[in-house]
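Colleague: I'd like to ask you about the structure that follows.
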Amino acid sequence: MSKRGIVIGKFLPPHAGHKLLIETAQSSCEDLVVLVCERQDQPIPGDVRAAWLREIHPGLNVRVISDPGYDDDSEFWARHTISLLGYAPDVVFSSEAYGETWAAAMGAAHVSVDKPRAVVPISATAVRNDPWGTWEFLEPYVRSYYVQRIAIVGAESTGSTTLAQSLAAHFNTLWVPEYGREYWIEKVERGDADTWRSEEFVHIAEQQCASEDRASRVANRLLICDTPAFATTIWHERYLGETSPLVDRVAAGYRYSHIFVTAADFDFVQDGYRDGEHIRDWMDRRLREWLTKREMAFTVLEGTHEKRMARAVEVIEGMRV
């Protein structure tokens, strides 16, 4: 077994071919270093790609390096690699044409791993061009990045939960329930439904985001999100008279491929916990105003459940990563 090995690449993103490469290298050397090359123009930060590799391969020694270019200059990369490592590696593992000449320039052995892509017929370019079509070659950590999140928001008793469940079933994927609803029921049962504190809404937003993140790793290309964190600020306004910058901060890092607003165009249905019948029209109007002001594209769904489903499916099927 060789002592010191190296793998280098962009891993943009990591896929099953990279997994085979790294596992082959791990089984063949005692000390493996994986270098992730990063440039400012790349769509996924190097630190994110490195974190994915560490999750896929626990204990892996991964370093992010700035990519200086010179892609066709093996002599330059040999000197640069030795400078980065502080030594010349014993063996290079690669699936690319440059591997052999780069290894030779460092005086290292070279192990070619599935260069013709016969074992794992995939490339990072193919993944970037069609993540959904190459889904089987991605680990859950990477799939989470490419999952398209669909947000459904609406005032009380406007069918958002029913729609979320139906869309998830139609697209054979998961839906994330509204955590605020669960929290509200607990408040009612504790007997403190008349008292709200701002930090409660921050907690609701954080838990909603955490639930979405967990579900995104196992969702099937789409994730249906019932009342995501950005809507929590409107509920904060409803109960406390103003929006919350802290809630907005929690929700700021979350983006949705599309947002559906379920209209308040049918009779209110009381289920024993709802208390917003008197302000349902205000909530409906306020949600649309808030989304419009922030230039967040949304579709208003009206009419029967069947009509709403048909329109939502039409919109979603027109999307592509």
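Labels used: A, B, ... for chains in the order of the structure tokens, numbers from 1 for residues in each chain, and numbers from 1 for ligands as shown.
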Write out, as a tab-separated table, each residue of stretch 159-204 of chain A that has an atom at most 10 Å from stretch 144-150 of chain A, together with the closest pair of atoms and their distance in Å to one decimal, counting only C-alpha atoms, rows going by chain and rising number.

Modeller:
residue	atom	partner	partner_atom	distance
A:Ala164	CA	A:Ile150	CA	9.1
A:Leu167	CA	A:Ile150	CA	9.7
A:Trp175	CA	A:Ile150	CA	9.3

Colleague: Extract, using only C-alpha atoms, all DNA, RNA and protein residues at most 8 Å from A:Arg280, discarding same-chain residues fewer than 4 positions from it, and format them as a ChimeraX atom specification.

Modeller: /A:155-156,264,276,284

Colleague: List the neighbours of stretch 102-117 of chain A out to 8 Å using only C-alpha atoms; skip same-chain residues closer than 4 positions along the sequence, and give me the result as a list of chain:residue names.

Modeller: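 That gives A:Gly17, A:Leu20, A:Leu21, A:Thr24, A:Ser74, A:Glu75, A:Trp77, A:Ala78, A:Arg79, A:Ile82, A:Ala88, A:Pro89, A:Asp90, A:Val91, A:Val92, A:Phe93, A:Ser94, A:Ser95, A:Glu96, A:Ala97, A:Tyr98, A:Pro121, A:Ile122.
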
Colleague: I want to know what sits within 10 Å of A:Leu301, based on only C-alpha atoms, with residues of the same chain fewer than 5 positions away left out; could you give that as a compact mmCIF listing (two decimals) with N, CA and C atoms, in the first residue's frame?

Modeller:
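Final output, part.txt:
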# COMPACT_ATOMS: atom_id res chain seq x y z
N ILE A 152 -45.99 27.07 -0.43
CA ILE A 152 -47.43 27.29 -0.44
C ILE A 152 -47.79 28.11 0.79
N GLY A 154 -50.86 30.92 2.59
CA GLY A 154 -52.24 31.41 2.52
C GLY A 154 -52.76 31.71 3.91
N THR A 158 -57.58 28.21 3.89
CA THR A 158 -57.59 28.46 2.44
C THR A 158 -57.05 27.26 1.66
N GLY A 159 -56.88 26.14 2.33
CA GLY A 159 -56.53 24.91 1.62
C GLY A 159 -55.06 24.70 1.34
N SER A 160 -54.17 25.43 2.02
CA SER A 160 -52.74 25.29 1.71
C SER A 160 -52.21 23.91 2.09
N PHE A 260 -46.89 29.55 -4.35
CA PHE A 260 -48.32 29.55 -4.59
C PHE A 260 -49.03 30.20 -3.40
N VAL A 261 -49.96 31.07 -3.70
CA VAL A 261 -50.80 31.68 -2.67
C VAL A 261 -52.21 31.12 -2.83
N THR A 262 -52.71 30.47 -1.78
CA THR A 262 -54.07 29.93 -1.83
C THR A 262 -55.05 31.02 -1.44
N ALA A 263 -55.95 31.34 -2.35
CA ALA A 263 -56.88 32.47 -2.16
C ALA A 263 -57.96 32.14 -1.11
N ALA A 264 -58.43 33.19 -0.47
CA ALA A 264 -59.52 33.07 0.52
C ALA A 264 -60.85 33.24 -0.20
N ASP A 265 -61.15 32.32 -1.11
CA ASP A 265 -62.34 32.48 -1.94
C ASP A 265 -63.39 31.40 -1.68
N LYS A 307 -59.32 22.54 -9.36
CA LYS A 307 -58.85 23.61 -10.23
C LYS A 307 -57.48 24.11 -9.78
N ARG A 308 -57.30 24.23 -8.47
CA ARG A 308 -56.02 24.68 -7.93
C ARG A 308 -54.91 23.66 -8.24
N MET A 309 -55.24 22.40 -8.05
CA MET A 309 -54.26 21.35 -8.34
C MET A 309 -53.83 21.38 -9.79
N ALA A 310 -54.78 21.49 -10.66
CA ALA A 310 -54.47 21.49 -12.09
C ALA A 310 -53.54 22.64 -12.46
N ARG A 311 -53.82 23.82 -11.90
CA ARG A 311 -52.99 24.98 -12.20
C ARG A 311 -51.59 24.83 -11.60
N ALA A 312 -51.52 24.34 -10.36
CA ALA A 312 -50.22 24.18 -9.71
C ALA A 312 -49.38 23.14 -10.45

Colleague: Could you check which of A:Leu60, A:Leu174, A:Met296, A:Cys37 is closest to A:Asn220, using only C-alpha atoms?

Modeller: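 Selected residue with least distance to A:Asn220: A:Leu174.
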